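Novice: Starting off with a structure, shown below.
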Amino acid sequence: MGVSHGQSPWAFSMDTLQDLGPVCIPVDWFRTVRVWLKRDSGQYWPSIYHAMPSPCSCMSFNPETRRLSIGLDNGTISEFILSEDYNKMTLVKSYQAHQSRVIMILFVLEMEWVLSTGQDKHFTWHCSESGQRLGGYRTSAGACGLQFDVETRHVFVGDHSGQVTILKLEQESCSLVTTFKGHTGGVTALCWDPIQRVLFSGSSDHSIIMWDIGGRKGTAIELQGHNDKVQSLSYAHHTRQLISCGADGGIVVWNMDVERQETPEWLDSDSCQKCDQPFFWNFKQMWDSKKIGLRQHHCRKCGKAVCGKCSSKRSSIPLMGFEFEVRVCDSCHESITDEERAPTATFHDSKHNIVHVHFDATRGWLLTSGTDKVIKLWDMTPVVS
């Protein structure tokens, strides 16, 4: 089903009430907050239409407390409490969290903290009860990814430079744990699995990386399944499936309950490591052998530097994260079995360019909003079960 919206929502959430049915809460750039209730007819109708003083840029909703935190373009965070019947919202407090647009908000009920990132390149956290600022940290670029681990009080911040920063939060201070970088584009989404202790990062370079934080071996698994930037990541713990949504409209469900392999480092060489033909910058070997230099390529399976003639074949390598066919050298192509080519992900077309996503793991429902100003509700139980 789909709900038409005045403008593509920047963010939304979905709650499920025993008596009232599903509730959808979108916020948009037109300074409006709307609460949609599912009526007896099965149609969604707005029960609240609230105007904000500045364009809305993000939101976080906690169904247990019915606390709605909304980030604004002017750097303010406004917190509301929704009534039990979801027909009224009351402003509790507003505070200046950033000097410019709020990009991400995360409400942590266990700590009574509101974590946020802004266009001002700052990560901050506030007390949700008093609105008091507890601390902050300046990132290397604007951050679009934010996750928190309650047990260890570690926060994960992904920014536009492609870097992920891990901070240790205390009540009024924070310390840098580490930083790591694996994307060639900016980080656009983060998803933390506290059970397996792995972090998933999506990027504008179309890729996803699974960082094995708990394994302490520095393992990083790459997943390639989108043709545009990754907009959102969600994880189904009970089935060990990752759901990624991209600006290309693709919804990909990854089976993470398989033994995946790291992609190899690309090797450096001045000549093809298969036929020894010189590459075009290797003037000495070109002169000595009286041969024209060739363009360098890399085999995605072994990482060797090869020429085009020695890597004319293509193959998918799902266990390495390559669901699409990629360049491999001829010898690796012969070694890949049909079992190794078996897909480990399913692909679905949302039929709109996805802007934002919310996944309800308890019901297996997925909400997507697109540039077509439509919110779509998907039943994912046939593929996530």
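Residue numbers start at 1 in each chain; chains themselves are named A, B, ... in the order of the structure tokens; ligands are numbered from 1 in the order shown.
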Counting only C-alpha atoms, which residues in region 73-103 of chain A sit no more than 8 Å from region 46-60 of chain A? For each one, give the nearest pair of atoms and the distance in Å, sorted by chain then residue number, as a Markdown table.
Specialist:
| residue | atom | partner | partner_atom | distance |
| --- | --- | --- | --- | --- |
| A:Asp73 | CA | A:Pro55 | CA | 5.4 |
| A:Asn74 | CA | A:Ser54 | CA | 6.6 |
| A:Tyr86 | CA | A:Ser47 | CA | 7.3 |
| A:Asn87 | CA | A:Ser47 | CA | 5.4 |
| A:Lys88 | CA | A:Ile48 | CA | 6.5 |
| A:Met89 | CA | A:Ile48 | CA | 7.7 |
| A:Arg101 | CA | A:Ser57 | CA | 7.1 |
| A:Val102 | CA | A:Ser57 | CA | 6.3 |
| A:Ile103 | CA | A:Cys58 | CA | 6.2 |
Novice: Determine which residues of region 45-183 of chain A receive a DSSP assignment of strand (DSSP E or B), computed from the backbone, and state them as a ChimeraX atom specification.
Specialist: /A:45-51,56-62,67-72,76-82,89-96,102-108,113-118,122-127,133-138,143-149,154-159,163-169,174-181
Novice: Determine, counting only C-alpha atoms, which protein, DNA and RNA residues have an atom within 12 Å of an atom of region 307-313 of chain A; residues of the same chain fewer than 3 positions away are not included. Present the result as a PyMOL selection string.
Specialist: chain A and resi 269-280+293-304+316+325-334+336
Novice: May I have the residues within 7 Å of Gly246 (chain A) as a ChimeraX atom specification, using only C-alpha atoms and disregarding those fewer than 5 positions away in the same chain?
Specialist: /A:226,228-232,251,354
Novice: So how many Å separate CA of Glu222 (chain A) and CA of Met210 (chain A), to one decimal?
Specialist: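 Computing it gives 6.4 Å between the two atoms.
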Novice: Just the number, please: distance in Å from CA of Leu68 (chain A) to CA of Ile166 (chain A), one decimal.
Specialist: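 Between CA of Leu68 (chain A) and CA of Ile166 (chain A) the gap works out to 26.1 Å.
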Novice: Per residue of region 76-190 of chain A within 12 Å of region 214-221 of chain A, note the shortest atom pair and the distance in Å to one decimal, counting only C-alpha atoms, and order the rows by chain and increasing residue number, as a tab-separated table.
Specialist:
residue	atom	partner	partner_atom	distance
A:Thr152	CA	A:Gly214	CA	11.7
A:Phe180	CA	A:Gly218	CA	10.0
A:Lys181	CA	A:Ala220	CA	10.4
A:Gly182	CA	A:Ala220	CA	8.5
A:His183	CA	A:Ala220	CA	11.2
Novice: Using only N, CA, C and O atoms, please write the residues we just selected to a file, as an mmCIF file, in the first residue's frame.
Specialist:
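This went into again.cif:
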data_model
loop_
_atom_site.group_PDB
_atom_site.id
_atom_site.type_symbol
_atom_site.label_atom_id
_atom_site.label_comp_id
_atom_site.auth_asym_id
_atom_site.auth_seq_id
_atom_site.Cartn_x
_atom_site.Cartn_y
_atom_site.Cartn_z
ATOM 1 N N THR A 152 28.087 -1.100 26.195
ATOM 2 C CA THR A 152 29.434 -0.541 26.325
ATOM 3 C C THR A 152 29.479 0.986 26.268
ATOM 4 O O THR A 152 30.528 1.567 26.472
ATOM 5 N N PHE A 180 38.083 4.115 11.584
ATOM 6 C CA PHE A 180 38.448 3.242 10.477
ATOM 7 C C PHE A 180 37.723 3.694 9.219
ATOM 8 O O PHE A 180 36.683 4.353 9.280
ATOM 9 N N LYS A 181 38.300 3.355 8.089
ATOM 10 C CA LYS A 181 37.773 3.809 6.809
ATOM 11 C C LYS A 181 37.955 2.718 5.767
ATOM 12 O O LYS A 181 39.041 2.173 5.621
ATOM 13 N N GLY A 182 36.867 2.407 5.051
ATOM 14 C CA GLY A 182 36.946 1.387 4.013
ATOM 15 C C GLY A 182 36.205 1.765 2.755
ATOM 16 O O GLY A 182 36.349 1.098 1.733
ATOM 17 N N HIS A 183 35.406 2.828 2.815
ATOM 18 C CA HIS A 183 34.629 3.263 1.664
ATOM 19 C C HIS A 183 35.383 4.317 0.862
ATOM 20 O O HIS A 183 36.159 5.109 1.413
#
Novice: Please list as a PyMOL selection string every residue within 7 Å of region 362-365 of chain A, counting only C-alpha atoms and excluding residues in the same chain fewer than 2 positions away.
Specialist: chain A and resi 359-360+367+377-381+384
Novice: Keeping only all heavy atoms, write the selected residues as a PDB file, in the first residue's frame.
Specialist:
ATOM      1  N   PHE A 359      12.210  -0.011   9.451  1.00  0.00           N
ATOM      2  CA  PHE A 359      11.890  -1.434   9.499  1.00  0.00           C
ATOM      3  C   PHE A 359      11.347  -1.804  10.870  1.00  0.00           C
ATOM      4  O   PHE A 359      11.967  -1.525  11.898  1.00  0.00           O
ATOM      5  CB  PHE A 359      13.142  -2.271   9.189  1.00  0.00           C
ATOM      6  CG  PHE A 359      12.906  -3.760   9.232  1.00  0.00           C
ATOM      7  CD1 PHE A 359      11.990  -4.361   8.396  1.00  0.00           C
ATOM      8  CD2 PHE A 359      13.615  -4.561  10.122  1.00  0.00           C
ATOM      9  CE1 PHE A 359      11.768  -5.734   8.426  1.00  0.00           C
ATOM     10  CE2 PHE A 359      13.403  -5.931  10.163  1.00  0.00           C
ATOM     11  CZ  PHE A 359      12.481  -6.510   9.309  1.00  0.00           C
ATOM     12  N   ASP A 360      10.159  -2.432  10.893  1.00  0.00           N
ATOM     13  CA  ASP A 360       9.544  -2.939  12.116  1.00  0.00           C
ATOM     14  C   ASP A 360       9.820  -4.440  12.172  1.00  0.00           C
ATOM     15  O   ASP A 360       9.140  -5.227  11.517  1.00  0.00           O
ATOM     16  CB  ASP A 360       8.047  -2.642  12.102  1.00  0.00           C
ATOM     17  CG  ASP A 360       7.345  -3.114  13.373  1.00  0.00           C
ATOM     18  OD1 ASP A 360       8.013  -3.763  14.211  1.00  0.00           O
ATOM     19  OD2 ASP A 360       6.147  -2.849  13.528  1.00  0.00           O
ATOM     20  N   LEU A 367       8.819   0.292   5.775  1.00  0.00           N
ATOM     21  CA  LEU A 367       8.296   1.515   5.184  1.00  0.00           C
ATOM     22  C   LEU A 367       9.381   2.182   4.373  1.00  0.00           C
ATOM     23  O   LEU A 367      10.516   2.303   4.829  1.00  0.00           O
ATOM     24  CB  LEU A 367       7.813   2.498   6.268  1.00  0.00           C
ATOM     25  CG  LEU A 367       6.367   2.360   6.736  1.00  0.00           C
ATOM     26  CD1 LEU A 367       6.250   1.193   7.691  1.00  0.00           C
ATOM     27  CD2 LEU A 367       5.914   3.637   7.426  1.00  0.00           C
ATOM     28  N   LEU A 377       4.312   0.818   2.300  1.00  0.00           N
ATOM     29  CA  LEU A 377       4.402  -0.168   3.376  1.00  0.00           C
ATOM     30  C   LEU A 377       4.521  -1.549   2.765  1.00  0.00           C
ATOM     31  O   LEU A 377       3.649  -1.972   1.987  1.00  0.00           O
ATOM     32  CB  LEU A 377       3.168  -0.072   4.281  1.00  0.00           C
ATOM     33  CG  LEU A 377       3.031  -1.133   5.381  1.00  0.00           C
ATOM     34  CD1 LEU A 377       4.212  -1.068   6.341  1.00  0.00           C
ATOM     35  CD2 LEU A 377       1.719  -0.942   6.124  1.00  0.00           C
ATOM     36  N   TRP A 378       5.598  -2.251   3.109  1.00  0.00           N
ATOM     37  CA  TRP A 378       5.891  -3.565   2.522  1.00  0.00           C
ATOM     38  C   TRP A 378       5.823  -4.649   3.599  1.00  0.00           C
ATOM     39  O   TRP A 378       6.343  -4.474   4.701  1.00  0.00           O
ATOM     40  CB  TRP A 378       7.285  -3.589   1.908  1.00  0.00           C
ATOM     41  CG  TRP A 378       7.555  -2.500   0.916  1.00  0.00           C
ATOM     42  CD1 TRP A 378       7.972  -1.229   1.169  1.00  0.00           C
ATOM     43  CD2 TRP A 378       7.410  -2.583  -0.500  1.00  0.00           C
ATOM     44  NE1 TRP A 378       8.109  -0.504   0.018  1.00  0.00           N
ATOM     45  CE2 TRP A 378       7.774  -1.308  -1.039  1.00  0.00           C
ATOM     46  CE3 TRP A 378       7.030  -3.584  -1.383  1.00  0.00           C
ATOM     47  CZ2 TRP A 378       7.746  -1.039  -2.401  1.00  0.00           C
ATOM     48  CZ3 TRP A 378       7.006  -3.325  -2.735  1.00  0.00           C
ATOM     49  CH2 TRP A 378       7.366  -2.055  -3.233  1.00  0.00           C
ATOM     50  N   ASP A 379       5.203  -5.754   3.261  1.00  0.00           N
ATOM     51  CA  ASP A 379       5.212  -6.947   4.116  1.00  0.00           C
ATOM     52  C   ASP A 379       6.414  -7.781   3.711  1.00  0.00           C
ATOM     53  O   ASP A 379       6.430  -8.422   2.658  1.00  0.00           O
ATOM     54  CB  ASP A 379       3.910  -7.732   3.947  1.00  0.00           C
ATOM     55  CG  ASP A 379       3.861  -8.954   4.842  1.00  0.00           C
ATOM     56  OD1 ASP A 379       4.791  -9.134   5.670  1.00  0.00           O
ATOM     57  OD2 ASP A 379       2.893  -9.745   4.732  1.00  0.00           O
ATOM     58  N   MET A 380       7.450  -7.796   4.563  1.00  0.00           N
ATOM     59  CA  MET A 380       8.694  -8.495   4.241  1.00  0.00           C
ATOM     60  C   MET A 380       8.735  -9.915   4.780  1.00  0.00           C
ATOM     61  O   MET A 380       9.753 -10.604   4.605  1.00  0.00           O
ATOM     62  CB  MET A 380       9.871  -7.705   4.809  1.00  0.00           C
ATOM     63  CG  MET A 380      10.014  -6.289   4.278  1.00  0.00           C
ATOM     64  SD  MET A 380      10.348  -6.230   2.510  1.00  0.00           S
ATOM     65  CE  MET A 380      12.026  -6.892   2.470  1.00  0.00           C
ATOM     66  N   THR A 381       7.660 -10.389   5.398  1.00  0.00           N
ATOM     67  CA  THR A 381       7.695 -11.722   6.021  1.00  0.00           C
ATOM     68  C   THR A 381       7.943 -12.853   5.029  1.00  0.00           C
ATOM     69  O   THR A 381       8.550 -13.866   5.406  1.00  0.00           O
ATOM     70  CB  THR A 381       6.383 -11.986   6.789  1.00  0.00           C
ATOM     71  OG1 THR A 381       5.244 -11.771   5.919  1.00  0.00           O
ATOM     72  CG2 THR A 381       6.280 -11.089   7.993  1.00  0.00           C
ATOM     73  N   VAL A 384      11.812 -12.345   4.841  1.00  0.00           N
ATOM     74  CA  VAL A 384      12.498 -12.198   6.138  1.00  0.00           C
ATOM     75  C   VAL A 384      11.665 -12.942   7.159  1.00  0.00           C
ATOM     76  O   VAL A 384      10.742 -12.401   7.755  1.00  0.00           O
ATOM     77  CB  VAL A 384      12.658 -10.713   6.551  1.00  0.00           C
ATOM     78  CG1 VAL A 384      13.407 -10.604   7.881  1.00  0.00           C
ATOM     79  CG2 VAL A 384      13.365  -9.938   5.465  1.00  0.00           C
TER      80      VAL A 384
END
Novice: I'd like a table as a tab-separated table: residues in region 124-230 of chain A with an atom no more than 12 Å from region 111-119 of chain A, each row giving the shortest atom pair and its distance in Å to one decimal, only C-alpha atoms counted, sorted by chain and rising residue number.
Specialist:
residue	atom	partner	partner_atom	distance
A:Thr124	CA	A:Ser116	CA	5.5
A:Trp125	CA	A:Leu115	CA	4.3
A:His126	CA	A:Val114	CA	5.2
A:Cys127	CA	A:Trp113	CA	4.9
A:Ser128	CA	A:Trp113	CA	5.3
A:Glu129	CA	A:Glu112	CA	6.9
A:Ser130	CA	A:Glu112	CA	9.8
A:Gly131	CA	A:Val114	CA	8.7
A:Gln132	CA	A:Trp113	CA	9.9
A:Arg133	CA	A:Val114	CA	9.4
A:Leu134	CA	A:Trp113	CA	8.9
A:Gly135	CA	A:Leu115	CA	9.9
A:Gly136	CA	A:Ser116	CA	9.4
A:Tyr137	CA	A:Thr117	CA	9.5
A:Arg138	CA	A:Thr117	CA	9.6
A:Thr139	CA	A:Thr117	CA	9.2
A:Ser140	CA	A:Gln119	CA	11.3
A:Ala141	CA	A:Gln119	CA	8.3
A:Gly142	CA	A:Gln119	CA	5.2
A:Ala143	CA	A:Thr117	CA	6.1
A:Cys144	CA	A:Thr117	CA	7.5
A:Gly145	CA	A:Thr117	CA	8.5
A:Leu146	CA	A:Thr117	CA	7.7
A:Gln147	CA	A:Leu115	CA	9.1
A:Phe148	CA	A:Leu115	CA	8.7
A:Asp149	CA	A:Met111	CA	11.0
A:Val150	CA	A:Met111	CA	8.0
A:Glu151	CA	A:Met111	CA	10.6
A:Thr152	CA	A:Met111	CA	11.8
A:Arg153	CA	A:Met111	CA	9.3
A:His154	CA	A:Leu115	CA	11.7
A:Val155	CA	A:Leu115	CA	9.0
A:Phe156	CA	A:Leu115	CA	10.8
A:Val157	CA	A:Thr117	CA	8.4
A:Gly158	CA	A:Thr117	CA	9.8
A:Asp159	CA	A:Thr117	CA	9.6
A:His160	CA	A:Gln119	CA	10.4
A:Leu169	CA	A:Leu115	CA	10.6
A:Glu170	CA	A:Met111	CA	10.4
A:Gln171	CA	A:Met111	CA	9.1
A:Glu172	CA	A:Trp113	CA	11.2
Novice: When distances are computed from only C-alpha atoms, which of A:Met286, A:Leu366, A:Ile375, A:Ile209 shows the smallest separation from Phe322 (chain A)?
Specialist: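 Closest candidate: A:Ile209.
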